[in-house]
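Following: one structure in structure tokens, then a few remarks.
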Amino acid sequence: MSDPAPKLVKLTKKDFESDQDVRWCPGCGDYAILATVQRSLAQMGVKRETTVFVSGIGCSSRFPYYMNTYGFHSIHGRAPAVATGLKLARPDLDVWVITGDGDGLSIGGNHLLHALRRNSDLKIILFNNQIYGLTKGQYSPTSKLGTRSGSTPAGSIDHPVNPLQFALGAGATFVARCTDTDAKGLGAILQRAYQHKGGVLIEILQNCPVFNDGIWDPVKEDPSGKQMPLVDGKPLTFAGGTMGIRLSPDLRPEIVKVGDDGVKEEQLLVHNERGSSGYAYLLAGMTHPEFPVPVGILHVEDKPTYGQMAHQQIADARAKQGEGQLDKLLLSGMTWEVGPDGTRH
Amino acid sequence: MSKTQELDRVVIRFAGDSGDGMQLTGTEFTKAAAEAGNDISTFPDFPAEIRAPAGSLFGVSGFQLHFSSGEIYTPGDAPDVLVVMNPAALKTNLKDLVDGGVLIANSGAFIESNLKKAGYTSNPLEDGSLSKYRVHAVDISHLTVTALDGSALSTKEKGRSKNFFALGLVFWMYGRDPETEVRRIITQFQKRPELGEANVKVFKAGYHYGETAEVFQTVYKVPPAKFAPGMYRNITGNEALAMGLIAGAHLAGKTVFYAGYPITPASTILHSLAKFKNYGVMTLQAEDEIAAMGAALGAAYGGALAVTASSGPGIALKQEGIGLGVMTELPVVIVNVQRGGPSTGLPTKTEQSDLFQAIYGRNGEAPVPVIAAKSPGDSFYAAIEAVKVAIQHMVPVFLLSDGYIANGSEPWPLPDVSKLPRFDVQHRTDPEGYFVYQRNQETLAREWVVPGTPGLEHRIGGIEKDFLTGNISYEPANHERQVHVRAEKVERVARSLGELDLRGETSGDVLLIGWGGTFGSLRQATEELRSQGKRVSHAHLRWLSPLEPGLEKIIGNFRHVMVAELNTGQLRTILRAKFLIDIKGLNKVQGQPFKVREVVNALEPLCESKATSTAATTTAAAAPAQA
């Protein structure tokens with residue numbers, strides 16, 4: 001007997017909303033991200049029951065409670081580890097990780113590094129607001145040098161980490177960046193990330209209206225000049241195509257004017273998602289205010305995932321040795337038999 | 001012509017530099033004893049350094065084997081035979097050799113520089129200081145190189161074979177079959193046949209030396225022990241534990257997901273499991289201990305039989321994650337192969353000082369069931385039981401082992417696996433009336449619903465949960481209720497526990513209580529005293545949390561209660577608080593197991609005194625050795 005054809009129910013954004021009250025501060029960038037993720041998952045046609053959101057600790061990490069999917073709100077910094085175990089045990093699931101700049105790059109930096117290095121098939125979204133929100137506004141590992149906060153009244157004196165350069169250095173196979181309120185841009189990235197097999201790191205430039213308000217405004221409010229949307233196969237241009245990026249003889253990005261009174265478009269760098277990791281690193285290093293901030297997909301490459309290889313090893317062992325039998329397990333060393341007379345035979 | 005003398009039991013110890021191959025020599029001689037049908041018990045005792053500087057006192061590595069024609073529980077208190085490969089090995093081990101014992105010394109290593117490193121001002125093989133022992137000085141170094149005359153190996157490589165000379169010699173002394181060993185050496189060195197060939201030559205040279213040298217006039221024979229009929233194998237604690245995890249998962253209808261980070265003495269569990277991929281075992285060498293715990297929790301949420309293992313310092317790192325497992329009520333087995341602490345402590349030495357860490361080591365009220373394996377072979381059953389309780393009560397379970405039983409080995413009667421009771425997991429799939437934290441009224445476990453199940457989407461996490469819905473709740477009364485229900489859930493484990501492991505009557509002069517890897521010493525000491533008519537009983541606890549109900553029924557029936565443990569009194573403190581009885585302690589924290597003699601000496605006065613003992617409540621097992 002065959003099952004009747006499954007009834008296809010088109011899910012909507014609402015189907016991905018849980019019954020829990022959302023408890024972020026009014027005006028928090030997380031609201032926009034949540035809405036975009038819910039809408040995008042519905043549009044992608046994913047199943048709620050095979051989708052899991054795993055998070056650590058921090059404002060962003062409350063995210064799973066608001067998704068009507070499976071979810072695991074774990075402990076500070078450990079979400080990539082929890083997600084690694086889940087995805088390895090259950091390769092059939094889509095596992096998303098929600099983390100922040102403190103959770104992912106400070107206390108959980110080691111786990112993020114290794115999840116990406118292994119190319120675990122995890123979609124990691126890092127909300128970067130350059131501040132610790134939940135603990136009331138201490139500077140974070142992405143805060144700019146000199147950030148004044150409760151813990152650094154005279155200004156922070158440690159150099160910030162660049163999340164995308166970190167991800168590239170760790171060997172991430174899908175690296176992208178977007179702003180929290182850019183629903184269209186984020187939706188497109190989520191779609192591509194969902195299709196990618198391997199370690200994804202998406203940095204979302206997210207506003208914290210309470211402790212670090214407006215930190216990304218220069219990037220967001222002047223998209224003509226301070227943001228550079230990346231389009232695969234197209235030259236790196238910004239400010240309505242009037243400006244572009246050229247590679248200087250000493251291999252640095254260089255801002256040039258494009259057009260009759262500037263350089264020709266052929267002289268500009270052309271964006272290649274599957275370019276070298278060195279190129280992607282160069283892109284990731286272009287930060288405000290010196291450069292327009294590249295948004296979109298910086299880098300994609302195909303590599304076998306950790307899960308694929310781990311399950312392959314199990315399949316190979318089963319093919320070679322046969323499915324393990326419990327009685328044979330115990331006989332896997334030197335054995336001997338003792339007869340009814342109590343002595344060895 | 002040598003004569004043959006029959007012995008009931010022999011304790012032999014091999015000692016040399018950590019690079020001398022003493023662990024291999026010991027292991028090979030153990031196999032021969034097992035093959036000859038003796039009961040065996042082993043105690044490998046090695047330094048934390050992989051290759052400590054040659055000739056140094058701290059670099060001495062030892063392997064003790066007790067083989068017998070009768071049942072034995074321990075690797076023996078003191079060696080009857082001591083094989084030393086250099087002066088440092090003599091210096092550090094001689095104090096243990098019984099008076100009149102046999103000492104075989106590699107005289108070739110007793111050169112001035114080595115004597116100096118070991119702190120000898122004169123050569124003990126020549127100055128008469130060893131007159132109370134039967135000394136056989138054999139230039140093993142030289143004889144090894146001579147045996148390999150004409151070999152293409154370098155002098156250094158030739159020298160490395162000398163442990164096989166020692167092995168050959170003791171094979172001859174105890175009448176073991178050299179041919180079996182020759183075959184084993186060839187198989188072991190398949191990838192480097194030239195080394196295999198050299199080792200065989202040296203092994204044979206050692207054997208023939210025993211035969212032809214006039215000095216060894218006696219061949220000793222230890223007749224086979226009587227065993228219950230059945231199939232046997234030689235097994236170490238960590239091997240048995242790994243197999244128990246696989247068996248437990250199998251009985252639950254699951255496969256093992258194991259995440260671990262390398263640490264002595266737990267690493268061999270990971271090595272063992274990684275070999276059994278055809279049993280569906282997934283192993284992850286995580287980036288750190290915390291990640292291993294996190295990955296285990298993630299896998300448990302996904303429905304796998306999740307396990308992580310470590311030793312004391314690594315367990316400390318996992319504790320926050322274990323707390324998350326308590327809060328989210330997920331089944332995970334956490335193995336702690338205990339070693340000497342605190343901090344890095346004594347990485348290769350045994351101790352039982354992590355009991356408090358297992359029971360109390362988390363923030364908040366975070367109780368978990370704690371079970372301890374008592375012997376290498378028992379680790380198999382303890383692992384199955386830990387798996388079963390974790391699944392049936394939806395709770396992280398601590399499984400305690402220690403360096404002594406993890407590395408020690410014994411002949412193990414193989415169970416009939418078809419008779420092991422199954423405890424298959426049923427995951428709920430019915431969305432009707434589901435609440436994330438609704439509980440089984442008997443076990444108080446919540447249901448194990450796994451992602452992928454339509455209509456049962458839910459979120460779990462470390463924030464306090466509503467008693468029924470599992471939604472975040474900061475409600476004061478709800479928190480208190482949840483704290484109590486998590487504790488009660490662990491207490492309910494006691495309802496399904498087996499009989500208390502009790503040797504002796506339920507009342508008498510002394511109740512000796514122990515737990516974990518000290519079982520062999522405590523049981524043997526008890527047997528010795530009982531055979532003298534002493535009214536001693538021994539209760540060996542399998543579960544430390546909750547306690548087995550059988551203990552409460554008898555603990556008040558004895559004039560004296562003594563807890564013997566390799567810490568400063570952790571179980572004793574717990575039992576005193578619980579039962580309000582003035583329990584005495586026998587404690588030892590030297591990184592070494594109890595000797596049977598130490599236990600007997602501590603119990604004897606209690607058997608004789610008439611409840612008016614003025615002895616201090618805590619007895620040190622032995623004075624620490626003076627340097």
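Naming works like this for the structure tokens: A, B, ... for the chains as they're shown, residue 1 at the start of each chain, ligands 1 onward in shown order.
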
Please, which residues in chain A fall within 7 Å of chain B when counting only C-alpha atoms, and what is the closest atom pair and distance in Å to one decimal for each, ordered by chain then residue number, as JSON lines?
{"residue": "A:Glu49", "atom": "CA", "partner": "B:Gly452", "partner_atom": "CA", "distance": 4.8}
{"residue": "A:Thr50", "atom": "CA", "partner": "B:Gly452", "partner_atom": "CA", "distance": 4.6}
{"residue": "A:Pro64", "atom": "CA", "partner": "B:Arg459", "partner_atom": "CA", "distance": 6.9}
{"residue": "A:Tyr65", "atom": "CA", "partner": "B:Arg459", "partner_atom": "CA", "distance": 6.1}
{"residue": "A:Asn68", "atom": "CA", "partner": "B:Glu457", "partner_atom": "CA", "distance": 6.6}
{"residue": "A:Thr69", "atom": "CA", "partner": "B:Glu457", "partner_atom": "CA", "distance": 5.2}
{"residue": "A:Tyr70", "atom": "CA", "partner": "B:Glu457", "partner_atom": "CA", "distance": 4.8}
{"residue": "A:Gly71", "atom": "CA", "partner": "B:Arg459", "partner_atom": "CA", "distance": 4.4}
{"residue": "A:Phe72", "atom": "CA", "partner": "B:Ile460", "partner_atom": "CA", "distance": 5.1}
{"residue": "A:His73", "atom": "CA", "partner": "B:Gly461", "partner_atom": "CA", "distance": 4.2}
{"residue": "A:Ser74", "atom": "CA", "partner": "B:Gly461", "partner_atom": "CA", "distance": 5.4}
{"residue": "A:Ile75", "atom": "CA", "partner": "B:Gly462", "partner_atom": "CA", "distance": 6.8}
{"residue": "A:Arg78", "atom": "CA", "partner": "B:Gly294", "partner_atom": "CA", "distance": 6.4}
{"residue": "A:Ala81", "atom": "CA", "partner": "B:Ala291", "partner_atom": "CA", "distance": 5.0}
{"residue": "A:Val82", "atom": "CA", "partner": "B:Gly298", "partner_atom": "CA", "distance": 4.3}
{"residue": "A:Ala83", "atom": "CA", "partner": "B:Gly298", "partner_atom": "CA", "distance": 5.9}
{"residue": "A:Thr84", "atom": "CA", "partner": "B:Ala295", "partner_atom": "CA", "distance": 5.9}
{"residue": "A:Gly85", "atom": "CA", "partner": "B:Ala295", "partner_atom": "CA", "distance": 3.8}
{"residue": "A:Leu86", "atom": "CA", "partner": "B:Gly298", "partner_atom": "CA", "distance": 4.3}
{"residue": "A:Ala89", "atom": "CA", "partner": "B:Ala299", "partner_atom": "CA", "distance": 5.3}
{"residue": "A:Arg90", "atom": "CA", "partner": "B:Gly302", "partner_atom": "CA", "distance": 6.1}
{"residue": "A:His111", "atom": "CA", "partner": "B:Ala291", "partner_atom": "CA", "distance": 6.8}
{"residue": "A:His114", "atom": "CA", "partner": "B:Glu287", "partner_atom": "CA", "distance": 6.6}
{"residue": "A:Ile314", "atom": "CA", "partner": "B:Lys277", "partner_atom": "CA", "distance": 5.1}
{"residue": "A:Ala317", "atom": "CA", "partner": "B:Asn278", "partner_atom": "CA", "distance": 4.8}
{"residue": "A:Arg318", "atom": "CA", "partner": "B:Asn278", "partner_atom": "CA", "distance": 4.3}
{"residue": "A:Gln321", "atom": "CA", "partner": "B:Asn278", "partner_atom": "CA", "distance": 6.5}
{"residue": "A:Gly322", "atom": "CA", "partner": "B:Asn278", "partner_atom": "CA", "distance": 6.6}
{"residue": "A:Glu323", "atom": "CA", "partner": "B:Asn278", "partner_atom": "CA", "distance": 5.5}
{"residue": "A:Gly324", "atom": "CA", "partner": "B:Tyr279", "partner_atom": "CA", "distance": 4.3}
{"residue": "A:Leu326", "atom": "CA", "partner": "B:Ala247", "partner_atom": "CA", "distance": 6.6}
{"residue": "A:Asp327", "atom": "CA", "partner": "B:Val417", "partner_atom": "CA", "distance": 6.0}
{"residue": "A:Leu330", "atom": "CA", "partner": "B:Leu414", "partner_atom": "CA", "distance": 6.9}
{"residue": "A:Gly333", "atom": "CA", "partner": "B:Arg233", "partner_atom": "CA", "distance": 6.8}
{"residue": "A:Met334", "atom": "CA", "partner": "B:Arg233", "partner_atom": "CA", "distance": 5.7}
{"residue": "A:Thr335", "atom": "CA", "partner": "B:Arg233", "partner_atom": "CA", "distance": 4.2}
{"residue": "A:Trp336", "atom": "CA", "partner": "B:Tyr232", "partner_atom": "CA", "distance": 5.2}
{"residue": "A:Glu337", "atom": "CA", "partner": "B:Met231", "partner_atom": "CA", "distance": 4.4}
{"residue": "A:Val338", "atom": "CA", "partner": "B:Pro229", "partner_atom": "CA", "distance": 4.7}
{"residue": "A:Gly339", "atom": "CA", "partner": "B:Pro229", "partner_atom": "CA", "distance": 5.0}
{"residue": "A:Pro340", "atom": "CA", "partner": "B:Pro229", "partner_atom": "CA", "distance": 5.3}
{"residue": "A:Gly342", "atom": "CA", "partner": "B:Lys226", "partner_atom": "CA", "distance": 4.6}
{"residue": "A:Thr343", "atom": "CA", "partner": "B:Lys226", "partner_atom": "CA", "distance": 5.5}
{"residue": "A:Arg344", "atom": "CA", "partner": "B:Gly37", "partner_atom": "CA", "distance": 5.5}

Those same residues - C-alpha atoms - I'd like them written as an mmCIF file, in the first residue's frame.
data_model
loop_
_atom_site.group_PDB
_atom_site.id
_atom_site.type_symbol
_atom_site.label_atom_id
_atom_site.label_comp_id
_atom_site.auth_asym_id
_atom_site.auth_seq_id
_atom_site.Cartn_x
_atom_site.Cartn_y
_atom_site.Cartn_z
ATOM 1 C CA GLU A 49 9.855 19.982 12.180
ATOM 2 C CA THR A 50 13.220 19.488 10.527
ATOM 3 C CA PRO A 64 15.004 30.213 19.193
ATOM 4 C CA TYR A 65 12.164 30.859 21.677
ATOM 5 C CA ASN A 68 7.968 27.868 15.939
ATOM 6 C CA THR A 69 10.529 25.210 15.043
ATOM 7 C CA TYR A 70 12.664 22.995 17.244
ATOM 8 C CA GLY A 71 15.119 25.016 19.296
ATOM 9 C CA PHE A 72 17.831 24.785 21.920
ATOM 10 C CA HIS A 73 18.855 27.819 23.974
ATOM 11 C CA SER A 74 22.158 26.547 25.352
ATOM 12 C CA ILE A 75 24.886 28.181 27.405
ATOM 13 C CA ARG A 78 28.674 26.831 23.273
ATOM 14 C CA ALA A 81 29.399 22.809 19.877
ATOM 15 C CA VAL A 82 25.814 21.839 20.692
ATOM 16 C CA ALA A 83 24.861 22.326 17.044
ATOM 17 C CA THR A 84 27.847 20.247 15.885
ATOM 18 C CA GLY A 85 26.675 17.313 18.002
ATOM 19 C CA LEU A 86 23.083 17.681 16.871
ATOM 20 C CA ALA A 89 23.731 12.796 15.157
ATOM 21 C CA ARG A 90 20.949 13.989 12.859
ATOM 22 C CA HIS A 111 33.882 26.696 19.234
ATOM 23 C CA HIS A 114 36.425 24.789 15.109
ATOM 24 C CA ILE A 314 30.809 4.593 9.410
ATOM 25 C CA ALA A 317 33.365 0.323 8.239
ATOM 26 C CA ARG A 318 29.967 -1.370 7.955
ATOM 27 C CA GLN A 321 33.400 -5.399 8.540
ATOM 28 C CA GLY A 322 29.671 -5.959 8.355
ATOM 29 C CA GLU A 323 27.059 -4.488 10.658
ATOM 30 C CA GLY A 324 28.331 -4.837 14.223
ATOM 31 C CA LEU A 326 26.803 -7.462 20.030
ATOM 32 C CA ASP A 327 28.092 -11.000 20.620
ATOM 33 C CA LEU A 330 32.903 -8.978 23.121
ATOM 34 C CA GLY A 333 40.156 -9.532 21.734
ATOM 35 C CA MET A 334 42.009 -12.652 22.885
ATOM 36 C CA THR A 335 39.436 -15.135 24.160
ATOM 37 C CA TRP A 336 39.488 -18.630 25.625
ATOM 38 C CA GLU A 337 37.007 -21.154 26.831
ATOM 39 C CA VAL A 338 36.804 -22.780 30.222
ATOM 40 C CA GLY A 339 35.270 -26.238 30.201
ATOM 41 C CA PRO A 340 32.928 -27.896 32.701
ATOM 42 C CA GLY A 342 36.847 -25.430 35.399
ATOM 43 C CA THR A 343 40.055 -25.402 33.423
ATOM 44 C CA ARG A 344 41.000 -23.850 30.190
#

Backbone DSSP call of helix (DSSP H, G or I) for stretch 193-353 of chain B, listed as a ChimeraX atom specification: /B:193-212,237-251,267-274,277-279,289-301,312-328

- For A:Pro235: contacts at 10 Å, only C-alpha atoms, fewer than 4 positions along chain excluded, given as a ChimeraX atom specification: /A:230-231,241,244-246,265-272

- Query: Running DSSP on the backbone, which parts of stretch 119-205 of chain B land in strand (DSSP E), as a PyMOL selection string?
  - Reply: chain B and resi 134-138

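The gap separating atom CA of B:Asp17 from atom CA of B:Glu598 is 28.4 Å, in Å to one decimal.
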
A:Ala42: which residues within 12 Å, counting only C-alpha atoms, same-chain residues fewer than 5 positions away excluded, as a ChimeraX atom specification? /A:9-17,35-37,47-48,51,67-69,187,190-191
